[in-house]
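> final-v2.txt is the file, holding compact mmCIF, C-alpha atoms:
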```txt
# COMPACT_ATOMS: atom_id res chain seq x y z
CA MET C 171 40.68 105.49 -73.74
CA ILE C 172 40.11 101.99 -72.44
CA GLU C 173 37.76 100.72 -69.78
CA LYS C 174 37.56 97.50 -67.81
CA THR C 175 35.34 96.25 -65.04
CA THR C 176 36.62 93.77 -62.51
CA GLU C 177 36.02 92.32 -59.10
CA VAL C 178 38.45 93.09 -56.30
CA GLN C 179 40.12 89.89 -55.07
CA LEU C 180 42.53 91.41 -52.55
CA LYS C 181 41.90 89.62 -49.25
CA THR C 182 41.84 92.77 -47.17
CA GLY C 183 40.20 94.98 -49.77
CA LEU C 184 41.84 98.32 -50.43
CA GLN C 185 42.71 99.19 -46.86
CA ALA C 186 45.09 102.06 -46.20
CA ARG C 187 48.33 100.22 -46.98
CA PRO C 188 47.21 98.43 -50.15
CA ALA C 189 45.47 101.64 -51.24
CA ALA C 190 48.75 103.53 -50.91
CA LEU C 191 50.50 100.85 -52.98
CA PHE C 192 47.74 100.95 -55.57
CA VAL C 193 48.06 104.73 -55.89
CA GLN C 194 51.84 104.43 -56.10
CA GLU C 195 51.41 101.93 -58.91
CA ALA C 196 48.96 104.23 -60.71
CA ASN C 197 51.37 107.15 -60.38
CA ARG C 198 54.03 105.26 -62.35
CA PHE C 199 52.00 105.88 -65.50
CA ALA C 200 51.49 109.08 -67.42
CA SER C 201 47.90 108.26 -68.42
CA GLU C 202 44.84 109.65 -66.70
CA ILE C 203 43.43 106.89 -64.53
CA HIS C 204 40.00 106.85 -62.95
CA LEU C 205 38.37 104.27 -60.75
CA GLU C 206 34.64 103.96 -60.37
CA LYS C 207 32.59 102.19 -57.72
CA ASP C 208 28.79 102.41 -57.40
CA GLY C 209 28.64 105.39 -59.71
CA LYS C 210 31.33 107.30 -57.79
CA LYS C 211 34.36 108.10 -59.87
CA VAL C 212 37.67 109.19 -58.41
CA ASN C 213 41.18 109.84 -59.65
CA ALA C 214 43.19 106.67 -59.07
CA LYS C 215 46.34 108.71 -58.46
CA SER C 216 44.87 110.31 -55.39
CA ILE C 217 45.13 108.30 -52.22
CA MET C 218 42.32 110.15 -50.43
CA GLY C 219 40.02 109.59 -53.39
CA ILE C 220 40.68 105.84 -53.44
CA MET C 221 40.32 105.54 -49.68
CA SER C 222 37.07 107.50 -49.67
CA LEU C 223 35.49 104.70 -51.74
CA ALA C 224 36.25 102.11 -49.00
CA ILE C 225 36.69 99.27 -51.48
CA ASN C 226 36.24 95.83 -49.92
CA ARG C 227 36.87 92.39 -51.30
CA GLY C 228 34.28 91.37 -53.89
CA CYS C 229 33.51 94.95 -54.90
CA THR C 230 32.97 95.56 -58.59
CA VAL C 231 35.08 98.44 -59.82
CA THR C 232 35.60 99.99 -63.23
CA LEU C 233 38.97 101.31 -64.31
CA SER C 234 39.07 103.85 -67.11
CA ILE C 235 42.45 104.85 -68.43
CA ASP C 236 43.31 107.40 -71.06
CA GLY C 237 46.80 108.18 -72.34
CA ARG C 238 49.78 106.84 -74.21
CA ASP C 239 50.64 104.05 -71.75
CA GLU C 240 47.02 103.05 -71.10
CA GLU C 241 47.47 99.38 -72.05
CA GLU C 242 50.39 98.80 -69.65
CA ALA C 243 48.69 100.74 -66.89
CA MET C 244 45.51 98.70 -67.27
CA ALA C 245 47.40 95.41 -67.16
CA ALA C 246 49.37 96.42 -64.06
CA LEU C 247 46.41 97.78 -62.11
CA ILE C 248 44.06 94.93 -62.98
CA GLU C 249 46.72 92.48 -61.83
CA PHE C 250 47.02 94.44 -58.59
CA VAL C 251 43.36 94.26 -57.63
CA GLU C 252 42.81 90.73 -58.93
CA LYS C 253 45.50 89.05 -56.89
CA GLU C 254 44.71 87.88 -53.39
CA GLY C 255 48.10 88.67 -51.87
CA ASN C 256 48.63 90.07 -48.41
CA TYR C 257 50.24 93.41 -47.89
CA MET D 780 21.61 102.69 -57.59
CA ALA D 781 18.71 104.61 -56.06
CA LYS D 782 19.72 107.74 -54.18
CA VAL D 783 16.64 107.95 -52.00
CA ARG D 784 14.32 105.27 -50.77
CA THR D 785 11.11 105.43 -48.82
CA SER D 786 12.97 104.28 -45.72
CA ASP D 787 15.10 107.46 -45.88
CA LEU D 788 11.96 109.58 -45.64
CA LEU D 789 10.86 107.62 -42.61
CA GLU D 790 14.19 108.24 -40.88
CA ASN D 791 14.62 111.88 -41.75
CA LEU D 792 11.18 113.47 -41.81
CA ASP D 793 9.59 112.32 -38.56
CA LEU D 794 6.96 110.10 -40.17
CA GLU D 795 5.04 107.22 -38.66
CA LEU D 796 4.73 104.00 -40.66
CA ILE D 797 1.14 102.76 -40.76
CA SER D 798 1.15 99.88 -43.23
CA GLY D 799 2.83 98.40 -46.29
CA GLU D 800 6.16 97.81 -44.55
CA ASP D 801 7.21 95.37 -47.29
CA GLY D 802 7.59 98.25 -49.73
CA ILE D 803 9.84 100.35 -47.52
CA HIS D 804 12.82 99.98 -49.87
CA ARG D 805 11.08 101.39 -52.92
CA PRO D 806 13.19 103.95 -54.78
CA ILE D 807 12.05 107.55 -55.13
CA ILE D 808 12.97 108.89 -58.55
CA THR D 809 11.37 112.32 -58.64
CA SER D 810 11.01 115.24 -56.25
CA ASP D 811 7.54 116.02 -57.64
CA LEU D 812 4.64 115.30 -55.35
CA SER D 813 1.05 114.50 -56.17
CA ARG D 814 -2.22 115.17 -54.36
CA PRO D 815 -4.49 112.61 -55.95
CA GLY D 816 -7.82 114.42 -55.62
CA LEU D 817 -9.09 113.71 -59.13
CA GLU D 818 -7.84 110.15 -58.91
CA LEU D 819 -9.95 109.56 -55.81
CA ALA D 820 -12.89 110.80 -57.86
CA GLY D 821 -12.13 108.08 -60.39
CA PHE D 822 -10.05 109.90 -63.02
CA PHE D 823 -6.83 107.90 -63.37
CA ASP D 824 -5.85 108.85 -66.96
CA TYR D 825 -2.94 111.01 -65.85
CA TYR D 826 -2.18 109.42 -62.49
CA PRO D 827 1.52 110.18 -61.76
CA LYS D 828 2.17 106.85 -60.08
CA GLU D 829 5.93 107.29 -59.67
CA ARG D 830 5.42 110.26 -57.34
CA ILE D 831 4.83 110.35 -53.62
CA GLN D 832 1.11 110.74 -52.99
CA LEU D 833 -0.08 113.18 -50.34
CA LEU D 834 -3.49 112.81 -48.76
CA GLY D 835 -4.69 115.77 -46.72
CA MET D 836 -7.90 116.87 -45.12
CA THR D 837 -9.57 117.63 -48.49
CA GLU D 838 -8.78 114.30 -50.11
CA LEU D 839 -9.74 112.21 -47.11
CA THR D 840 -12.99 114.07 -46.45
CA PHE D 841 -13.93 113.58 -50.08
CA PHE D 842 -12.99 109.90 -49.84
CA GLN D 843 -15.34 109.40 -46.90
CA LYS D 844 -18.21 110.66 -49.06
CA LEU D 845 -17.65 107.94 -51.69
CA HIS D 846 -20.01 105.00 -51.91
CA SER D 847 -18.74 102.11 -49.81
CA ASN D 848 -18.30 99.78 -52.79
CA GLU D 849 -16.16 102.37 -54.61
CA LYS D 850 -13.73 102.97 -51.76
CA LEU D 851 -11.59 99.85 -51.98
CA PRO D 852 -11.15 99.84 -55.79
CA ARG D 853 -10.03 103.51 -55.73
CA MET D 854 -7.43 102.82 -53.08
CA GLU D 855 -6.33 99.69 -54.97
CA ARG D 856 -5.64 101.80 -58.05
CA LEU D 857 -3.81 104.39 -55.97
CA CYS D 858 -1.46 101.70 -54.65
CA ASP D 859 0.44 101.15 -57.88
CA ASP D 860 3.52 98.93 -57.85
CA ARG D 861 5.67 101.98 -58.65
CA THR D 862 4.25 104.35 -56.05
CA PRO D 863 7.01 104.95 -53.49
CA ALA D 864 4.77 106.13 -50.65
CA ILE D 865 1.40 107.47 -49.66
CA ILE D 866 1.60 110.04 -46.88
CA ILE D 867 -1.28 111.25 -44.73
CA SER D 868 -0.91 114.71 -43.17
CA ARG D 869 -2.22 116.26 -39.91
CA GLU D 870 -2.24 112.87 -38.15
CA LEU D 871 -5.60 112.13 -39.78
CA GLU D 872 -7.32 108.79 -39.42
CA VAL D 873 -6.10 106.38 -42.15
CA PRO D 874 -9.04 104.79 -44.04
CA GLU D 875 -9.26 101.00 -43.57
CA GLU D 876 -9.51 100.53 -47.35
CA LEU D 877 -6.12 102.22 -47.80
CA ILE D 878 -4.50 99.98 -45.19
CA GLU D 879 -5.95 96.90 -46.85
CA ALA D 880 -4.91 97.91 -50.37
CA SER D 881 -1.45 99.03 -49.29
CA GLU D 882 -0.72 95.79 -47.46
CA ARG D 883 -1.74 93.82 -50.54
CA HIS D 884 0.43 95.86 -52.93
CA ALA D 885 3.24 96.59 -50.46
CA VAL D 886 2.99 100.36 -50.79
CA PRO D 887 4.19 102.10 -47.63
CA VAL D 888 1.59 104.31 -46.00
CA MET D 889 2.98 106.88 -43.58
CA ARG D 890 1.56 109.64 -41.45
CA SER D 891 2.87 113.05 -40.46
CA LYS D 892 1.89 115.59 -37.81
CA LEU D 893 2.35 118.51 -40.21
CA THR D 894 -0.30 120.20 -42.32
CA THR D 895 -0.32 119.24 -46.00
CA THR D 896 1.32 122.45 -47.28
CA ARG D 897 4.08 122.39 -44.67
CA LEU D 898 4.64 118.69 -45.31
CA SER D 899 4.82 119.14 -49.07
CA SER D 900 7.39 121.95 -48.86
CA LYS D 901 9.46 119.95 -46.39
CA LEU D 902 9.31 116.88 -48.64
CA THR D 903 10.19 118.91 -51.74
CA ASN D 904 13.19 120.51 -50.03
CA TYR D 905 14.46 117.18 -48.80
CA LEU D 906 13.99 115.41 -52.13
CA GLU D 907 15.48 118.24 -54.20
CA LYS D 908 18.55 118.09 -52.01
CA MET D 909 18.87 114.32 -52.16
CA LEU D 910 18.08 113.95 -55.86
CA ALA D 911 20.31 116.82 -57.04
CA PRO D 912 22.85 115.79 -59.69
CA THR D 913 26.26 115.02 -58.16
CA THR D 914 29.79 114.43 -59.31
CA ALA D 915 33.21 113.99 -57.75
CA VAL D 916 36.15 116.16 -58.75
CA HIS D 917 39.83 115.61 -58.09
CA GLY D 918 40.87 118.74 -56.25
CA VAL D 919 40.90 120.61 -52.97
CA LEU D 920 38.11 122.86 -51.75
CA VAL D 921 38.98 125.74 -49.43
CA ASP D 922 36.84 128.58 -48.11
CA ILE D 923 38.93 131.73 -48.54
CA TYR D 924 37.37 134.94 -47.15
CA GLY D 925 33.95 133.41 -47.86
CA VAL D 926 34.79 132.48 -51.45
CA GLY D 927 34.63 128.74 -52.15
CA VAL D 928 37.80 128.07 -54.15
CA LEU D 929 38.25 124.73 -55.88
CA ILE D 930 41.96 124.09 -56.44
CA THR D 931 42.59 121.61 -59.24
CA GLY D 932 45.65 120.34 -61.07
CA GLN D 933 47.70 117.27 -61.83
CA SER D 934 48.58 114.83 -59.10
CA GLY D 935 51.66 116.09 -57.26
CA VAL D 936 51.47 119.71 -58.40
CA GLY D 937 50.98 120.92 -54.82
CA LYS D 938 47.25 121.31 -54.24
CA SER D 939 47.29 119.89 -50.73
CA GLU D 940 50.42 121.88 -49.83
CA ALA D 941 48.71 125.07 -50.98
CA ALA D 942 45.66 124.11 -48.92
CA LEU D 943 47.81 123.57 -45.83
CA ASP D 944 49.39 126.96 -46.31
CA LEU D 945 45.93 128.52 -46.67
CA VAL D 946 44.70 126.81 -43.50
CA LYS D 947 47.74 128.21 -41.65
CA ARG D 948 46.68 131.64 -42.85
CA GLY D 949 43.30 131.19 -41.20
CA HIS D 950 41.18 129.86 -44.07
CA ARG D 951 39.03 126.77 -43.88
CA LEU D 952 39.44 123.38 -45.46
CA VAL D 953 36.33 121.72 -46.88
CA ALA D 954 37.73 118.70 -48.73
CA ASP D 955 41.10 117.38 -49.84
CA ASP D 956 41.80 115.34 -52.95
CA CYS D 957 38.23 114.31 -53.68
CA VAL D 958 35.40 116.85 -53.62
CA GLU D 959 31.81 115.70 -53.90
CA ILE D 960 29.82 118.31 -55.74
CA ARG D 961 26.06 118.69 -55.76
CA GLN D 962 24.24 121.01 -58.11
CA GLU D 963 21.36 122.75 -56.38
CA ASP D 964 18.69 125.00 -57.96
CA ASN D 965 20.22 124.41 -61.43
CA ASP D 966 23.09 126.88 -60.99
CA THR D 967 24.61 126.47 -57.55
CA LEU D 968 27.48 124.08 -56.92
CA VAL D 969 27.98 122.92 -53.37
CA GLY D 970 31.07 120.91 -52.47
CA SER D 971 31.73 118.68 -49.49
CA ALA D 972 34.12 115.93 -48.46
CA PRO D 973 33.31 112.21 -48.66
CA GLU D 974 32.45 111.23 -45.10
CA LEU D 975 35.44 108.93 -44.67
CA ILE D 976 38.07 111.57 -45.42
CA GLU D 977 36.40 114.60 -43.84
CA HIS D 978 38.89 117.01 -42.15
CA LEU D 979 41.85 115.03 -43.48
CA LEU D 980 44.68 116.27 -45.64
CA GLU D 981 47.41 114.24 -47.27
CA ILE D 982 50.85 115.79 -47.55
CA ARG D 983 53.63 113.88 -49.32
CA GLY D 984 56.21 112.93 -46.76
CA LEU D 985 53.97 113.59 -43.76
CA GLY D 986 51.10 111.31 -44.62
CA ILE D 987 47.54 111.85 -43.54
CA ILE D 988 46.95 114.66 -41.06
CA ASN D 989 43.78 115.79 -39.34
CA ILE D 990 43.19 119.50 -39.84
CA MET D 991 40.52 119.75 -37.17
CA THR D 992 42.56 118.24 -34.36
CA LEU D 993 45.68 120.13 -35.46
CA PHE D 994 44.22 123.58 -36.11
CA GLY D 995 40.84 123.51 -34.36
CA ALA D 996 37.21 123.71 -35.36
CA GLY D 997 37.74 127.10 -37.02
CA ALA D 998 39.95 125.55 -39.68
CA ILE D 999 37.33 123.30 -41.24
CA ARG D 1000 33.96 123.58 -42.85
CA GLY D 1001 31.35 120.94 -43.75
CA ASN D 1002 30.28 122.23 -47.13
CA LYS D 1003 30.73 125.34 -49.22
CA ARG D 1004 29.32 126.83 -52.39
CA ILE D 1005 31.98 126.75 -55.13
CA THR D 1006 32.40 129.98 -57.07
CA LEU D 1007 36.01 130.02 -58.22
CA ASN D 1008 38.37 127.45 -59.71
CA VAL D 1009 42.13 127.86 -59.45
CA HIS D 1010 43.92 125.44 -61.72
CA LEU D 1011 47.59 124.79 -60.89
CA GLU D 1012 49.98 123.59 -63.55
CA LEU D 1013 53.71 123.29 -63.90
CA TRP D 1014 55.22 126.38 -65.55
CA ASN D 1015 55.30 125.84 -69.27
CA SER D 1016 57.61 128.37 -70.90
CA LYS D 1017 55.91 127.93 -74.27
CA LYS D 1018 52.46 128.71 -72.93
CA GLN D 1019 51.01 132.22 -72.72
CA TYR D 1020 49.68 133.06 -69.29
CA ASP D 1021 47.17 135.81 -68.63
CA ARG D 1022 49.08 139.04 -67.96
CA LEU D 1023 46.17 141.46 -67.76
CA GLY D 1024 43.29 139.61 -66.16
CA ILE D 1025 40.66 140.91 -68.57
CA GLU D 1026 39.66 137.63 -70.13
CA GLU D 1027 37.70 135.18 -68.05
CA ASP D 1028 38.08 131.46 -68.45
CA LYS D 1029 35.29 129.11 -67.37
CA LEU D 1030 35.12 125.63 -65.95
CA LYS D 1031 31.94 123.63 -66.41
CA ILE D 1032 30.86 121.28 -63.65
CA ILE D 1033 27.58 119.41 -64.26
CA ASP D 1034 25.63 122.24 -65.98
CA THR D 1035 27.13 125.18 -64.13
CA GLU D 1036 30.03 127.36 -65.22
CA ILE D 1037 32.40 128.95 -62.74
CA THR D 1038 35.32 131.31 -63.24
CA LYS D 1039 38.61 129.54 -63.81
CA ILE D 1040 42.07 130.96 -63.19
CA THR D 1041 45.14 129.07 -64.39
CA LEU D 1042 48.19 129.54 -62.19
CA PRO D 1043 51.62 128.38 -63.27
CA VAL D 1044 53.62 126.82 -60.45
CA ARG D 1045 57.35 127.46 -60.16
CA PRO D 1046 59.78 127.41 -57.26
CA GLY D 1047 59.76 130.81 -55.60
CA ARG D 1048 56.13 131.56 -56.36
CA ASN D 1049 54.11 131.48 -53.18
CA ILE D 1050 51.00 129.75 -54.44
CA ALA D 1051 48.95 130.18 -51.25
CA VAL D 1052 49.35 133.96 -51.28
CA ILE D 1053 48.46 134.12 -54.97
CA ILE D 1054 45.35 131.99 -54.45
CA GLU D 1055 44.39 134.16 -51.49
CA VAL D 1056 44.72 137.30 -53.59
CA ALA D 1057 42.85 135.65 -56.48
CA ALA D 1058 39.93 135.04 -54.11
CA MET D 1059 40.00 138.65 -52.84
CA ASN D 1060 40.22 140.00 -56.38
CA PHE D 1061 37.29 137.79 -57.36
CA ARG D 1062 35.26 139.30 -54.52
CA LEU D 1063 36.22 142.79 -55.62
CA LYS D 1064 35.04 142.05 -59.15
CA ARG D 1065 31.72 140.92 -57.81
CA LEU D 1066 31.50 144.16 -55.83
CA GLY D 1067 31.97 146.02 -59.10
CA ILE D 1068 35.66 146.90 -58.87
CA ASN D 1069 37.52 145.44 -61.83
CA THR D 1070 41.11 146.70 -61.68
CA ALA D 1071 42.16 145.17 -65.00
CA LYS D 1072 39.25 146.73 -66.85
CA ASP D 1073 39.55 150.13 -65.11
CA PHE D 1074 43.23 150.26 -65.92
CA THR D 1075 42.85 149.34 -69.61
CA ASP D 1076 40.06 151.92 -69.97
CA LYS D 1077 42.29 154.57 -68.42
CA LEU D 1078 45.20 153.60 -70.67
CA ALA D 1079 42.97 153.74 -73.75
CA ASN D 1080 41.77 157.22 -72.72
CA VAL D 1081 45.28 158.58 -72.27
CA ILE D 1082 46.34 157.16 -75.63
CA SER D 1083 43.38 158.62 -77.48
CA GLU D 1084 43.95 162.06 -75.84
CA ARG D 1085 47.55 162.04 -77.02
CA ASP D 1086 46.29 161.13 -80.48
CA THR D 1087 44.10 164.25 -80.60
CA ASP D 1088 46.98 166.44 -79.27
CA PHE D 1089 49.15 165.10 -82.03
CA MET D 1090 46.67 165.94 -84.77
```
Show the structure stored in the file as structure tokens.

Amino acid sequence: MIEKTTEVQLKTGLQARPAALFVQEANRFASEIHLEKDGKKVNAKSIMGIMSLAINRGCTVTLSIDGRDEEEAMAALIEFVEKEGNY
Amino acid sequence: MAKVRTSDLLENLDLELISGEDGIHRPIITSDLSRPGLELAGFFDYYPKERIQLLGMTELTFFQKLHSNEKLPRMERLCDDRTPAIIISRELEVPEELIEASERHAVPVMRSKLTTTRLSSKLTNYLEKMLAPTTAVHGVLVDIYGVGVLITGQSGVGKSEAALDLVKRGHRLVADDCVEIRQEDNDTLVGSAPELIEHLLEIRGLGIINIMTLFGAGAIRGNKRITLNVHLELWNSKKQYDRLGIEEDKLKIIDTEITKITLPVRPGRNIAVIIEVAAMNFRLKRLGINTAKDFTDKLANVISERDTDFM
């Protein structure tokens, strides 16, 4: 299991559309992926869970991933939240 | 992050702020209260400074009897930098010394209309509720015939679809995808939806739908005690599934164990009906009717009778 804390750089934060893309990305991997914000931990493969956190730009989030493709999953998801791009 | 602050008390318990406004954001870490009678008499050895301090008729009458040069120092010691609040009951007059000391140390002093006993039970209830341990679980919570059923399982196994089917059958949705669970009184789990996604359900291909506007107020519920867990998983032909229903599996959430049923999912199995029956069967068991056990007892009896006939 690996864990990493990062700051969300996405300009719009994880609004509905980027959240859906984030969850889609997370679902590509077999590992168990959890995202934590302010002590609230949700399954990163569940769109409602991610949206219930209302993650805005500058939020500090912790990703914890456990499974055989954890390294790839971490790299992909960290890249997703750390880029500023518009969706 | 603090769960409760003094300002929350002010908003929710009909209190009046008298002084010490600077300390209004102090965190409250315990639901225990203190009535600092002995402390007012000068005994501070065991002063529980992290608790909310309640001053009632007894304490304040005693305080008025103190010598005037003792009054301020006592109040100064009462206003510790960790004390979240000092609350006066029965709308009693607040001593000047307390106002002075509280302003200096930024300890909020508040006043209530209630009597001390009523106030302390109201405060305890509120704090117990707010400070209860919480967690979030990936799953769907549905109220089925009064049984709070938490449906869990891998992403995409069909939890939300099962919930939709259950709602169509007249049951109530509490939360989809992310259930916030609070443990009350050490052994009760209460689940609710995060505020942002209340009443919503996500179905692949349809997107986000609102259960309340689609099915009406009868189809939803704000919170529900969780007593049963139904875990859905894809049918694994190598795995043994329970055929009798005698053994009981458990799922532990925070410190509380609830009954867990594992249901294999396969095309052609109507999951909603099975979950509905699981909930009814669970109720029956609690009413003392355990079909699996009654049947195995009966079978054992018949077999042993045959044995004696044979001998």
> Just the number, please: distance in Å from atom CA of D:Ala885 to atom CA of C:Asp208, one decimal.
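The value is 27.1 Å.
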> Restrict the calculation to all atoms listed in the file, then for each residue of chain D with any atom at most 10 Å from an atom of chain C give the closest atom pair and their distance in Å to one decimal, rows by chain and rising residue number, as JSON lines.

```
{"residue": "D:Met780", "atom": "CA", "partner": "C:Asp208", "partner_atom": "CA", "distance": 7.2}
{"residue": "D:Thr913", "atom": "CA", "partner": "C:Lys210", "partner_atom": "CA", "distance": 9.2}
{"residue": "D:Thr914", "atom": "CA", "partner": "C:Lys210", "partner_atom": "CA", "distance": 7.5}
{"residue": "D:Ala915", "atom": "CA", "partner": "C:Lys211", "partner_atom": "CA", "distance": 6.4}
{"residue": "D:Val916", "atom": "CA", "partner": "C:Val212", "partner_atom": "CA", "distance": 7.1}
{"residue": "D:His917", "atom": "CA", "partner": "C:Asn213", "partner_atom": "CA", "distance": 6.1}
{"residue": "D:Gly918", "atom": "CA", "partner": "C:Ser216", "partner_atom": "CA", "distance": 9.4}
{"residue": "D:Gln933", "atom": "CA", "partner": "C:Lys215", "partner_atom": "CA", "distance": 9.3}
{"residue": "D:Ser934", "atom": "CA", "partner": "C:Lys215", "partner_atom": "CA", "distance": 6.5}
{"residue": "D:Gly935", "atom": "CA", "partner": "C:Ser216", "partner_atom": "CA", "distance": 9.1}
{"residue": "D:Ala954", "atom": "CA", "partner": "C:Met218", "partner_atom": "CA", "distance": 9.9}
{"residue": "D:Asp955", "atom": "CA", "partner": "C:Met218", "partner_atom": "CA", "distance": 7.4}
{"residue": "D:Asp956", "atom": "CA", "partner": "C:Met218", "partner_atom": "CA", "distance": 5.8}
{"residue": "D:Cys957", "atom": "CA", "partner": "C:Gly219", "partner_atom": "CA", "distance": 5.1}
{"residue": "D:Val958", "atom": "CA", "partner": "C:Gly219", "partner_atom": "CA", "distance": 8.6}
{"residue": "D:Glu959", "atom": "CA", "partner": "C:Lys210", "partner_atom": "CA", "distance": 9.3}
{"residue": "D:Ala972", "atom": "CA", "partner": "C:Ser222", "partner_atom": "CA", "distance": 9.0}
{"residue": "D:Pro973", "atom": "CA", "partner": "C:Ser222", "partner_atom": "CA", "distance": 6.1}
{"residue": "D:Glu974", "atom": "CA", "partner": "C:Ser222", "partner_atom": "CA", "distance": 7.5}
{"residue": "D:Leu975", "atom": "CA", "partner": "C:Ser222", "partner_atom": "CA", "distance": 5.4}
{"residue": "D:Ile976", "atom": "CA", "partner": "C:Ser222", "partner_atom": "CA", "distance": 6.0}
{"residue": "D:Glu977", "atom": "CA", "partner": "C:Ser222", "partner_atom": "CA", "distance": 9.2}
{"residue": "D:Leu979", "atom": "CA", "partner": "C:Met218", "partner_atom": "CA", "distance": 8.5}
{"residue": "D:Leu980", "atom": "CA", "partner": "C:Met218", "partner_atom": "CA", "distance": 8.1}
{"residue": "D:Glu981", "atom": "CA", "partner": "C:Met218", "partner_atom": "CA", "distance": 7.3}
{"residue": "D:Ile987", "atom": "CA", "partner": "C:Met218", "partner_atom": "CA", "distance": 8.8}
```
> How many Å lie between atom CA of C:Ile172 and atom CA of C:Cys229, rounded to one decimal?
20.0 Å
> Grab all the atoms of stretch 908-924 of chain D that the file lists, wrap them in a box along x, y and z, add 4 Å per side, and give me centre plus edge lengths in Å (one decimal) as lines of an AutoDock Vina configuration file.

```
center_x = 29.5
center_y = 124.4
center_z = -53.4
size_x = 30.8
size_y = 29.0
size_z = 20.5
```
> Restricting the calculation to all atoms listed in the file: of D:Glu907, D:Asp859, D:Glu1012, D:Glu1027, which residue gets closest to D:Phe1061?
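Checking each candidate against D:Phe1061, we get D:Glu1027 as the closest.
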> Report, in Å with one decimal, the straight-line distance from atom CA of D:Leu898 to atom CA of D:Val886.
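Separation of atom CA of D:Leu898 and atom CA of D:Val886: 19.2 Å.
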> Restricting the calculation to only C-alpha atoms: of C:Ile203, C:Met171, C:Ile235, C:Val251, which residue gets closest to C:Gly183?
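Once distances to C:Gly183 are computed over only C-alpha atoms, the minimum belongs to C:Val251.
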> Could you pull the residues within 12 Å of C:Lys181, counting all atoms listed in the file, minus those fewer than 4 positions along the same chain, as a list of chain:residue names?
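Listing them by chain and then by number gives C:Glu177, C:Gln185, C:Pro188, C:Ile225, C:Asn226, C:Arg227, C:Gly228, C:Cys229, C:Phe250, C:Val251, C:Glu252, C:Lys253, C:Glu254, C:Gly255, C:Asn256, C:Tyr257.
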> Which neighbours of D:Leu817 fall inside 12 Å, counting all atoms listed in the file, when residues of the same chain fewer than 3 positions from it are skipped, and could you give them as a PyMOL selection string?
chain D and resi 813-814+820-827+834+837-838+841-842+853+857
> My list of candidates is D:Asp922, D:Glu940, D:Glu963, D:Glu870. Which is closest to D:Asn1002 when distances are computed with all atoms listed in the file?
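Of all the options, D:Asp922 lies closest to D:Asn1002.
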> Taking only C-alpha atoms into account, produce a table as CSV in which each residue of stretch 837-938 of chain D with an atom at most 9 Å from an atom of stretch 944-952 of chain D appears once, together with its shortest atom pair and the distance in Å to one decimal, ordered by chain and rising number.

```
residue,atom,partner,partner_atom,distance
D:Val919,CA,D:Leu952,CA,8.1
D:Leu920,CA,D:Leu952,CA,6.5
D:Val921,CA,D:Leu952,CA,4.6
D:Asp922,CA,D:Arg951,CA,5.1
D:Ile923,CA,D:His950,CA,5.3
D:Tyr924,CA,D:His950,CA,7.1
D:Gly925,CA,D:His950,CA,8.9
```
> Find, counting only C-alpha atoms, the residue in C:Leu205, C:Leu191, C:Ala200, C:Leu184 that gets nearest to C:Gly237.
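Looking at the shortest contact to C:Gly237, the residue is C:Ala200.
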> For C:Val178, which of C:Glu249, C:Arg198, C:His204, C:Glu241 is the closest residue, counting only C-alpha atoms?
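Among the listed residues, C:Glu249 lies closest to C:Val178.
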> Could you give me, as a list in words, the residues that sit within 10 Å of (30.6, 129.4, -58.8) in the file's coordinates, counting only C-alpha atoms?
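Residues with an atom at most 10 Å from (30.6, 129.4, -58.8): Val926, Gly927, Val928, Leu929, Asp966, Thr967, Leu968, Val969, Arg1004, Ile1005, Thr1006, Leu1007, Asn1008, Lys1029, Leu1030, Lys1031, Ile1032, Thr1035, Glu1036, Ile1037, Thr1038 and Lys1039 of chain D.
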